[in-house]
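Reproduced below: target-v5.tsv, with TSV, N, CA and C atoms.
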chain	number	residue	atom	x	y	z
D	391	MET	N	-9.72	29.99	-8.80
D	391	MET	CA	-10.03	28.64	-9.21
D	391	MET	C	-11.52	28.38	-8.97
D	392	ASN	N	-12.21	27.89	-10.00
D	392	ASN	CA	-13.65	27.64	-9.85
D	392	ASN	C	-13.90	26.31	-9.13
D	393	ASN	N	-15.15	26.09	-8.75
D	393	ASN	CA	-15.50	24.90	-7.97
D	393	ASN	C	-15.17	23.60	-8.69
D	394	ALA	N	-15.42	23.53	-9.98
D	394	ALA	CA	-15.15	22.29	-10.73
D	394	ALA	C	-13.66	21.95	-10.68
D	395	LYS	N	-12.80	22.95	-10.80
D	395	LYS	CA	-11.35	22.71	-10.74
D	395	LYS	C	-10.93	22.28	-9.34
D	396	ILE	N	-11.54	22.87	-8.33
D	396	ILE	CA	-11.22	22.51	-6.94
D	396	ILE	C	-11.66	21.06	-6.68
D	397	ILE	N	-12.87	20.72	-7.12
D	397	ILE	CA	-13.37	19.35	-6.94
D	397	ILE	C	-12.48	18.35	-7.69
D	398	LYS	N	-12.08	18.69	-8.91
D	398	LYS	CA	-11.20	17.82	-9.68
D	398	LYS	C	-9.88	17.61	-8.95
D	399	LEU	N	-9.31	18.67	-8.40
D	399	LEU	CA	-8.06	18.56	-7.66
D	399	LEU	C	-8.22	17.68	-6.42
D	400	ILE	N	-9.30	17.88	-5.69
D	400	ILE	CA	-9.56	17.07	-4.50
D	400	ILE	C	-9.70	15.59	-4.87
D	401	LEU	N	-10.44	15.30	-5.94
D	401	LEU	CA	-10.62	13.91	-6.37
D	401	LEU	C	-9.30	13.30	-6.85
D	402	LYS	N	-8.49	14.08	-7.55
D	402	LYS	CA	-7.18	13.58	-7.99
D	402	LYS	C	-6.32	13.22	-6.78
D	403	ILE	N	-6.31	14.08	-5.77
D	403	ILE	CA	-5.54	13.82	-4.56
D	403	ILE	C	-6.09	12.60	-3.82
D	404	ALA	N	-7.41	12.48	-3.76
D	404	ALA	CA	-8.04	11.34	-3.07
D	404	ALA	C	-7.69	10.02	-3.76
D	405	VAL	N	-7.81	9.99	-5.07
D	405	VAL	CA	-7.50	8.76	-5.82
D	405	VAL	C	-6.02	8.44	-5.70
D	406	ALA	N	-5.18	9.44	-5.88
D	406	ALA	CA	-3.74	9.21	-5.76
D	406	ALA	C	-3.38	8.72	-4.37
D	407	GLY	N	-3.98	9.31	-3.35
D	407	GLY	CA	-3.70	8.88	-1.98
D	407	GLY	C	-4.06	7.43	-1.74
D	408	GLU	N	-5.20	7.04	-2.27
D	408	GLU	CA	-5.62	5.64	-2.14
D	408	GLU	C	-4.60	4.71	-2.79
D	409	PHE	N	-4.18	5.04	-4.00
D	409	PHE	CA	-3.26	4.17	-4.73
D	409	PHE	C	-1.84	4.23	-4.20
D	410	ILE	N	-1.42	5.36	-3.67
D	410	ILE	CA	-0.10	5.43	-3.03
D	410	ILE	C	-0.11	4.55	-1.78
D	411	GLY	N	-1.14	4.72	-0.96
D	411	GLY	CA	-1.23	3.93	0.27
D	411	GLY	C	-1.25	2.44	0.01
D	412	HIS	N	-2.11	2.03	-0.91
D	412	HIS	CA	-2.19	0.60	-1.22
D	412	HIS	C	-0.92	0.10	-1.91
D	413	GLY	N	-0.33	0.94	-2.75
D	413	GLY	CA	0.92	0.56	-3.41
D	413	GLY	C	2.04	0.33	-2.42
D	414	VAL	N	2.16	1.21	-1.45
D	414	VAL	CA	3.20	1.05	-0.43
D	414	VAL	C	2.95	-0.21	0.40
D	415	PHE	N	1.71	-0.42	0.82
D	415	PHE	CA	1.39	-1.66	1.55
D	415	PHE	C	1.77	-2.90	0.73
D	416	ALA	N	1.45	-2.86	-0.56
D	416	ALA	CA	1.76	-4.00	-1.43
D	416	ALA	C	3.27	-4.21	-1.53
D	417	LEU	N	4.03	-3.12	-1.71
D	417	LEU	CA	5.48	-3.25	-1.81
D	417	LEU	C	6.11	-3.71	-0.50
D	418	GLN	N	5.44	-3.44	0.61
D	418	GLN	CA	5.92	-3.92	1.90
D	418	GLN	C	5.57	-5.40	2.11
D	419	GLY	N	4.81	-5.96	1.19
D	419	GLY	CA	4.46	-7.38	1.27
D	419	GLY	C	3.46	-7.69	2.37
D	420	LYS	N	2.38	-6.92	2.41
D	420	LYS	CA	1.37	-7.10	3.45
D	420	LYS	C	0.89	-8.56	3.46
D	421	LYS	N	1.15	-9.23	4.58
D	421	LYS	CA	0.90	-10.67	4.67
D	421	LYS	C	-0.55	-11.05	4.38
D	422	THR	N	-1.49	-10.28	4.91
D	422	THR	CA	-2.90	-10.59	4.67
D	422	THR	C	-3.20	-10.62	3.18
D	423	TRP	N	-2.65	-9.66	2.45
D	423	TRP	CA	-2.91	-9.58	1.01
D	423	TRP	C	-2.26	-10.75	0.28
D	424	ILE	N	-1.06	-11.13	0.71
D	424	ILE	CA	-0.40	-12.29	0.11
D	424	ILE	C	-1.27	-13.53	0.32
D	425	ASP	N	-1.78	-13.68	1.52
D	425	ASP	CA	-2.67	-14.81	1.82
D	425	ASP	C	-3.92	-14.78	0.94
D	426	TRP	N	-4.50	-13.59	0.75
D	426	TRP	CA	-5.71	-13.47	-0.07
D	426	TRP	C	-5.42	-13.86	-1.52
D	427	ILE	N	-4.27	-13.41	-2.03
D	427	ILE	CA	-3.90	-13.77	-3.41
D	427	ILE	C	-3.79	-15.29	-3.52
D	428	GLY	N	-3.14	-15.90	-2.55
D	428	GLY	CA	-3.03	-17.35	-2.55
D	428	GLY	C	-4.38	-18.02	-2.48
D	429	GLN	N	-5.26	-17.50	-1.64
D	429	GLN	CA	-6.60	-18.07	-1.47
D	429	GLN	C	-7.41	-17.96	-2.76
D	430	LEU	N	-7.29	-16.82	-3.46
D	430	LEU	CA	-8.10	-16.59	-4.66
D	430	LEU	C	-7.53	-17.25	-5.91
D	431	THR	N	-6.20	-17.41	-5.95
D	431	THR	CA	-5.57	-17.91	-7.18
D	431	THR	C	-4.95	-19.29	-7.04
D	432	GLY	N	-4.72	-19.72	-5.81
D	432	GLY	CA	-4.02	-20.98	-5.59
D	432	GLY	C	-2.51	-20.84	-5.67
D	433	ALA	N	-2.01	-19.61	-5.82
D	433	ALA	CA	-0.57	-19.37	-5.91
D	433	ALA	C	0.09	-19.62	-4.56
D	434	ASP	N	1.35	-20.09	-4.61
D	434	ASP	CA	2.10	-20.25	-3.37
D	434	ASP	C	2.54	-18.87	-2.88
D	435	ALA	N	3.07	-18.80	-1.67
D	435	ALA	CA	3.40	-17.51	-1.05
D	435	ALA	C	4.43	-16.74	-1.86
D	436	GLY	N	5.41	-17.43	-2.44
D	436	GLY	CA	6.44	-16.75	-3.24
D	436	GLY	C	5.85	-16.09	-4.48
D	437	THR	N	5.02	-16.83	-5.19
D	437	THR	CA	4.38	-16.29	-6.39
D	437	THR	C	3.41	-15.17	-6.03
D	438	ALA	N	2.66	-15.36	-4.95
D	438	ALA	CA	1.72	-14.32	-4.50
D	438	ALA	C	2.46	-13.05	-4.13
D	439	THR	N	3.64	-13.19	-3.54
D	439	THR	CA	4.44	-12.02	-3.18
D	439	THR	C	4.90	-11.27	-4.43
D	440	ILE	N	5.33	-12.00	-5.43
D	440	ILE	CA	5.73	-11.37	-6.70
D	440	ILE	C	4.54	-10.66	-7.33
D	441	MET	N	3.40	-11.32	-7.34
D	441	MET	CA	2.19	-10.71	-7.91
D	441	MET	C	1.84	-9.43	-7.16
D	442	LEU	N	1.93	-9.47	-5.84
D	442	LEU	CA	1.61	-8.30	-5.03
D	442	LEU	C	2.60	-7.17	-5.28
D	443	THR	N	3.86	-7.49	-5.49
D	443	THR	CA	4.86	-6.47	-5.81
D	443	THR	C	4.53	-5.78	-7.13
D	444	ILE	N	4.14	-6.55	-8.12
D	444	ILE	CA	3.75	-5.98	-9.41
D	444	ILE	C	2.53	-5.07	-9.24
D	445	VAL	N	1.55	-5.53	-8.48
D	445	VAL	CA	0.36	-4.72	-8.21
D	445	VAL	C	0.76	-3.42	-7.51
D	446	GLY	N	1.67	-3.51	-6.55
D	446	GLY	CA	2.13	-2.31	-5.84
D	446	GLY	C	2.77	-1.30	-6.77
D	447	LEU	N	3.62	-1.77	-7.68
D	447	LEU	CA	4.25	-0.87	-8.64
D	447	LEU	C	3.22	-0.23	-9.56
D	448	LEU	N	2.25	-1.02	-10.01
D	448	LEU	CA	1.18	-0.48	-10.86
D	448	LEU	C	0.35	0.54	-10.10
D	449	ASP	N	0.07	0.27	-8.83
D	449	ASP	CA	-0.69	1.23	-8.01
D	449	ASP	C	0.04	2.57	-7.94
D	450	LEU	N	1.35	2.54	-7.73
D	450	LEU	CA	2.12	3.79	-7.66
D	450	LEU	C	2.11	4.51	-9.00
D	451	LEU	N	2.21	3.76	-10.09
D	451	LEU	CA	2.14	4.37	-11.43
D	451	LEU	C	0.79	5.02	-11.66
D	452	ILE	N	-0.27	4.35	-11.27
D	452	ILE	CA	-1.62	4.91	-11.42
D	452	ILE	C	-1.74	6.20	-10.62
D	453	ALA	N	-1.25	6.19	-9.38
D	453	ALA	CA	-1.30	7.39	-8.54
D	453	ALA	C	-0.59	8.56	-9.22
D	454	LEU	N	0.59	8.29	-9.76
D	454	LEU	CA	1.37	9.34	-10.43
D	454	LEU	C	0.63	9.87	-11.66
D	455	LEU	N	0.10	8.97	-12.46
D	455	LEU	CA	-0.63	9.40	-13.67
D	455	LEU	C	-1.87	10.22	-13.31
D	456	VAL	N	-2.60	9.79	-12.30
D	456	VAL	CA	-3.81	10.52	-11.92
D	456	VAL	C	-3.45	11.93	-11.45
D	457	LEU	N	-2.36	12.06	-10.74
D	457	LEU	CA	-1.95	13.39	-10.26
D	457	LEU	C	-1.44	14.28	-11.38
D	458	ILE	N	-0.60	13.71	-12.26
D	458	ILE	CA	0.08	14.52	-13.27
D	458	ILE	C	-0.73	14.67	-14.54
D	459	ARG	N	-1.25	13.56	-15.04
D	459	ARG	CA	-2.00	13.57	-16.30
D	459	ARG	C	-3.10	12.53	-16.24
D	460	PRO	N	-4.26	12.90	-15.71
D	460	PRO	CA	-5.34	11.92	-15.54
D	460	PRO	C	-5.94	11.47	-16.88
D	461	ILE	N	-5.52	10.32	-17.33
D	461	ILE	CA	-6.01	9.73	-18.58
D	461	ILE	C	-7.26	8.91	-18.25
D	462	ARG	N	-8.29	9.09	-19.05
D	462	ARG	CA	-9.59	8.47	-18.76
D	462	ARG	C	-9.50	6.95	-18.56
D	463	LEU	N	-8.77	6.27	-19.41
D	463	LEU	CA	-8.67	4.81	-19.30
D	463	LEU	C	-8.00	4.41	-17.98
D	464	VAL	N	-7.01	5.16	-17.56
D	464	VAL	CA	-6.34	4.90	-16.28
D	464	VAL	C	-7.32	5.13	-15.12
D	465	ILE	N	-8.11	6.18	-15.22
D	465	ILE	CA	-9.09	6.47	-14.17
D	465	ILE	C	-10.17	5.39	-14.13
D	466	LEU	N	-10.61	4.93	-15.30
D	466	LEU	CA	-11.58	3.84	-15.34
D	466	LEU	C	-10.99	2.58	-14.68
D	467	TRP	N	-9.73	2.29	-14.99
D	467	TRP	CA	-9.06	1.16	-14.35
D	467	TRP	C	-9.03	1.35	-12.83
D	468	ALA	N	-8.74	2.57	-12.38
D	468	ALA	CA	-8.70	2.86	-10.94
D	468	ALA	C	-10.05	2.58	-10.30
D	469	ALA	N	-11.12	2.94	-10.98
D	469	ALA	CA	-12.47	2.67	-10.44
D	469	ALA	C	-12.72	1.16	-10.39
D	470	PHE	N	-12.38	0.46	-11.47
D	470	PHE	CA	-12.55	-1.00	-11.49
D	470	PHE	C	-11.71	-1.66	-10.40
D	471	TRP	N	-10.44	-1.27	-10.30
D	471	TRP	CA	-9.54	-1.88	-9.34
D	471	TRP	C	-9.97	-1.57	-7.90
D	472	GLY	N	-10.44	-0.35	-7.68
D	472	GLY	CA	-10.95	0.00	-6.36
D	472	GLY	C	-12.16	-0.84	-5.98
D	473	PHE	N	-13.04	-1.09	-6.95
D	473	PHE	CA	-14.20	-1.94	-6.70
D	473	PHE	C	-13.77	-3.38	-6.43
D	474	TRP	N	-12.88	-3.89	-7.26
D	474	TRP	CA	-12.44	-5.28	-7.12
D	474	TRP	C	-11.75	-5.50	-5.77
D	475	THR	N	-10.84	-4.60	-5.40
D	475	THR	CA	-10.10	-4.79	-4.15
D	475	THR	C	-11.01	-4.63	-2.94
D	476	ALA	N	-12.07	-3.86	-3.06
D	476	ALA	CA	-13.05	-3.79	-1.98
D	476	ALA	C	-13.87	-5.08	-1.93
D	477	LEU	N	-14.24	-5.59	-3.09
D	477	LEU	CA	-15.05	-6.81	-3.17
D	477	LEU	C	-14.29	-8.04	-2.68
D	478	ILE	N	-12.98	-8.01	-2.78
D	478	ILE	CA	-12.18	-9.15	-2.33
D	478	ILE	C	-12.47	-9.48	-0.87
D	479	ARG	N	-12.71	-8.45	-0.06
D	479	ARG	CA	-12.89	-8.69	1.38
D	479	ARG	C	-13.97	-9.73	1.67
D	480	PRO	N	-15.19	-9.56	1.21
D	480	PRO	CA	-16.18	-10.60	1.50
D	480	PRO	C	-15.90	-11.92	0.76
D	481	LEU	N	-15.21	-11.85	-0.37
D	481	LEU	CA	-14.89	-13.08	-1.11
D	481	LEU	C	-13.93	-13.98	-0.34
D	482	VAL	N	-13.08	-13.37	0.51
D	482	VAL	CA	-12.13	-14.17	1.29
D	482	VAL	C	-12.62	-14.41	2.72
D	483	GLY	N	-13.87	-14.02	2.99
D	483	GLY	CA	-14.45	-14.32	4.28
D	483	GLY	C	-14.55	-13.16	5.26
D	484	GLU	N	-14.14	-11.97	4.84
D	484	GLU	CA	-14.28	-10.80	5.71
D	484	GLU	C	-15.75	-10.35	5.68
D	485	PRO	N	-16.17	-9.57	6.66
D	485	PRO	CA	-17.56	-9.09	6.68
D	485	PRO	C	-17.89	-8.21	5.47
D	486	ILE	N	-19.14	-8.23	5.06
D	486	ILE	CA	-19.60	-7.40	3.94
D	486	ILE	C	-19.32	-5.93	4.20
D	487	TRP	N	-19.28	-5.55	5.47
D	487	TRP	CA	-19.05	-4.14	5.82
D	487	TRP	C	-17.66	-3.68	5.40
D	488	ASP	N	-16.70	-4.61	5.30
D	488	ASP	CA	-15.38	-4.24	4.81
D	488	ASP	C	-15.43	-3.85	3.34
D	489	PHE	N	-16.38	-4.41	2.62
D	489	PHE	CA	-16.62	-4.02	1.23
D	489	PHE	C	-17.33	-2.67	1.18
D	490	ILE	N	-18.37	-2.52	1.95
D	490	ILE	CA	-19.17	-1.29	1.92
D	490	ILE	C	-18.35	-0.08	2.33
D	491	GLU	N	-17.52	-0.22	3.37
D	491	GLU	CA	-16.74	0.93	3.82
D	491	GLU	C	-15.71	1.38	2.80
D	492	ARG	N	-15.46	0.57	1.79
D	492	ARG	CA	-14.48	0.91	0.76
D	492	ARG	C	-15.12	1.39	-0.54
D	493	TRP	N	-16.38	1.74	-0.50
D	493	TRP	CA	-17.03	2.23	-1.72
D	493	TRP	C	-16.36	3.49	-2.27
D	494	ALA	N	-15.76	4.29	-1.41
D	494	ALA	CA	-15.05	5.48	-1.90
D	494	ALA	C	-13.86	5.09	-2.77
D	495	ASN	N	-13.33	3.87	-2.59
D	495	ASN	CA	-12.19	3.43	-3.39
D	495	ASN	C	-12.53	3.33	-4.88
D	496	TRP	N	-13.78	3.08	-5.20
D	496	TRP	CA	-14.18	3.09	-6.60
D	496	TRP	C	-15.02	4.33	-6.92
D	497	GLY	N	-15.67	4.89	-5.91
D	497	GLY	CA	-16.51	6.06	-6.14
D	497	GLY	C	-15.72	7.30	-6.50
D	498	ALA	N	-14.59	7.52	-5.84
D	498	ALA	CA	-13.79	8.71	-6.13
D	498	ALA	C	-13.24	8.69	-7.56
D	499	PRO	N	-12.64	7.58	-8.02
D	499	PRO	CA	-12.18	7.59	-9.41
D	499	PRO	C	-13.33	7.70	-10.42
D	500	LEU	N	-14.45	7.08	-10.12
D	500	LEU	CA	-15.60	7.19	-11.03
D	500	LEU	C	-16.10	8.63	-11.09
D	501	ALA	N	-16.17	9.29	-9.94
D	501	ALA	CA	-16.58	10.70	-9.92
D	501	ALA	C	-15.59	11.56	-10.70
D	502	LEU	N	-14.30	11.29	-10.55
D	502	LEU	CA	-13.28	12.04	-11.30
D	502	LEU	C	-13.46	11.83	-12.80
D	503	LEU	N	-13.70	10.59	-13.21
D	503	LEU	CA	-13.91	10.30	-14.63
D	503	LEU	C	-15.13	11.05	-15.16
D	504	LEU	N	-16.20	11.05	-14.42
D	504	LEU	CA	-17.41	11.75	-14.86
D	504	LEU	C	-17.21	13.26	-14.89
D	505	LEU	N	-16.44	13.78	-13.94
D	505	LEU	CA	-16.15	15.22	-13.92
D	505	LEU	C	-15.29	15.62	-15.12
D	506	ILE	N	-14.30	14.80	-15.45
D	506	ILE	CA	-13.46	15.08	-16.61
D	506	ILE	C	-14.28	14.95	-17.89
D	507	GLY	N	-15.21	14.00	-17.88
D	507	GLY	CA	-16.09	13.80	-19.03
D	507	GLY	C	-15.96	12.40	-19.59
D	508	TRP	N	-17.09	11.72	-19.67
D	508	TRP	CA	-17.12	10.38	-20.26
D	508	TRP	C	-16.72	10.50	-21.72
D	509	PRO	N	-15.82	9.66	-22.21
D	509	PRO	CA	-15.35	9.80	-23.60
D	509	PRO	C	-16.47	9.58	-24.62
D	510	LYS	N	-16.38	10.33	-25.68
D	510	LYS	CA	-17.37	10.23	-26.75
D	510	LYS	C	-16.92	9.27	-27.85
D	511	ASN	N	-15.63	8.94	-27.85
D	511	ASN	CA	-15.10	7.98	-28.83
D	511	ASN	C	-13.90	7.27	-28.22
D	512	TRP	N	-13.40	6.26	-28.93
D	512	TRP	CA	-12.31	5.42	-28.43
D	512	TRP	C	-11.06	6.24	-28.13
D	513	LYS	N	-10.71	7.20	-28.97
D	513	LYS	CA	-9.49	7.99	-28.78
D	513	LYS	C	-9.52	8.80	-27.48
D	514	GLU	N	-10.70	9.24	-27.07
D	514	GLU	CA	-10.80	10.04	-25.86
D	514	GLU	C	-10.47	9.25	-24.60
D	515	TRP	N	-10.53	7.91	-24.65
D	515	TRP	CA	-10.13	7.11	-23.49
D	515	TRP	C	-8.65	7.33	-23.16
D	516	PHE	N	-7.88	7.75	-24.15
D	516	PHE	CA	-6.43	7.92	-23.97
D	516	PHE	C	-6.03	9.38	-23.73
D	517	ARG	N	-7.02	10.24	-23.49
D	517	ARG	CA	-6.74	11.65	-23.20
D	517	ARG	C	-7.15	11.97	-21.79

Can you give me the file's structure in the form of structure tokens?
Amino acid sequence: MNNAKIIKLILKIAVAGEFIGHGVFALQGKKTWIDWIGQLTGADAGTATIMLTIVGLLDLLIALLVLIRPIRLVILWAAFWGFWTALIRPLVGEPIWDFIERWANWGAPLALLLLIGWPKNWKEWFR
């Protein structure tokens, strides 16, 4: 196995691990995250819990897709979502360092996307 394939495998595992971990936390109904959803959206705890459950299921789906068949659009979403969920920390009053320490959450999927190859046309986003 050449270095590029090894790096791709490591990045796939890293991205999947992030999304599996966050997906499981979401499905467990992590109280802090429910509170953050309520704070950012104005949703009550019940609605925020439902929203978090949906996010958790999507996170697990993303992890599975990245491991089995890394589709560029899914990887781009993973990079965006990793950035957004890191950015949430200072938006809800956590220290900026909680955002900075999570740069790998968007950096790993972005690196994987660039390693696979930035799409040259719209159809390639789905490959």

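With all atoms listed in the file as the basis for measurement, D:Ala406 is the residue among D:Ile427, D:Leu442, D:Ala435, D:Ala406 that approaches D:Leu455 most closely.
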
I need the residues of chain D that end up classed as helix (DSSP H, G or I) by DSSP on the backbone, written out as a PyMOL selection string. chain D and resi 393-417+421-431+435-458+462-481+486-490+494-506+512-516

By how many Å are atom CA of D:Ala469 and atom N of D:Gly497 apart? 6.0 Å

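The gap separating atom C of D:Glu408 from atom C of D:Arg492 is 11.3 Å, in Å to one decimal.
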
Neighbour list for D:Val414 as a list in words, cut-off 8 Å, all atoms listed in the file, skip fewer than 2 positions in-chain: Glu408, Phe409, Ile410, Gly411, His412, Ala416, Leu417, Gln418, Gly419, Lys420, Val445, Gly446, Leu447, Asp449 and Leu450 of chain D

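Computed from the coordinates, the atom CA of D:Leu399 to atom CA of D:Trp512 distance equals 24.9 Å.
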
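The shortest atom-to-atom distance to D:Ile465, with only C-alpha atoms taken into account, belongs to D:Ile452 out of D:Val482, D:Ile400, D:Leu505, D:Ile452.
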
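Restricting the calculation to only C-alpha atoms, the smallest distance between D:Trp467 and any of D:Leu503, D:Ile490, D:Ile397, D:Thr439 is found for D:Leu503.
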
Anything within 8 Å of (4.3, -13.8, -2.7): list those residues as a list in words, counting only N, CA and C atoms and sticking to the file's coordinates. Gly419, Trp423, Ile424, Asp425, Gly428, Ala433, Asp434, Ala435, Gly436, Thr437, Ala438, Thr439, Ile440, Met441, Leu442 and Thr443 of chain D

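Once D:Trp474 and its same-chain neighbours fewer than 6 positions away are set aside, Ala468, Asn495 and Trp496 of chain D remain within 8 Å of it when counting only N, CA and C atoms.
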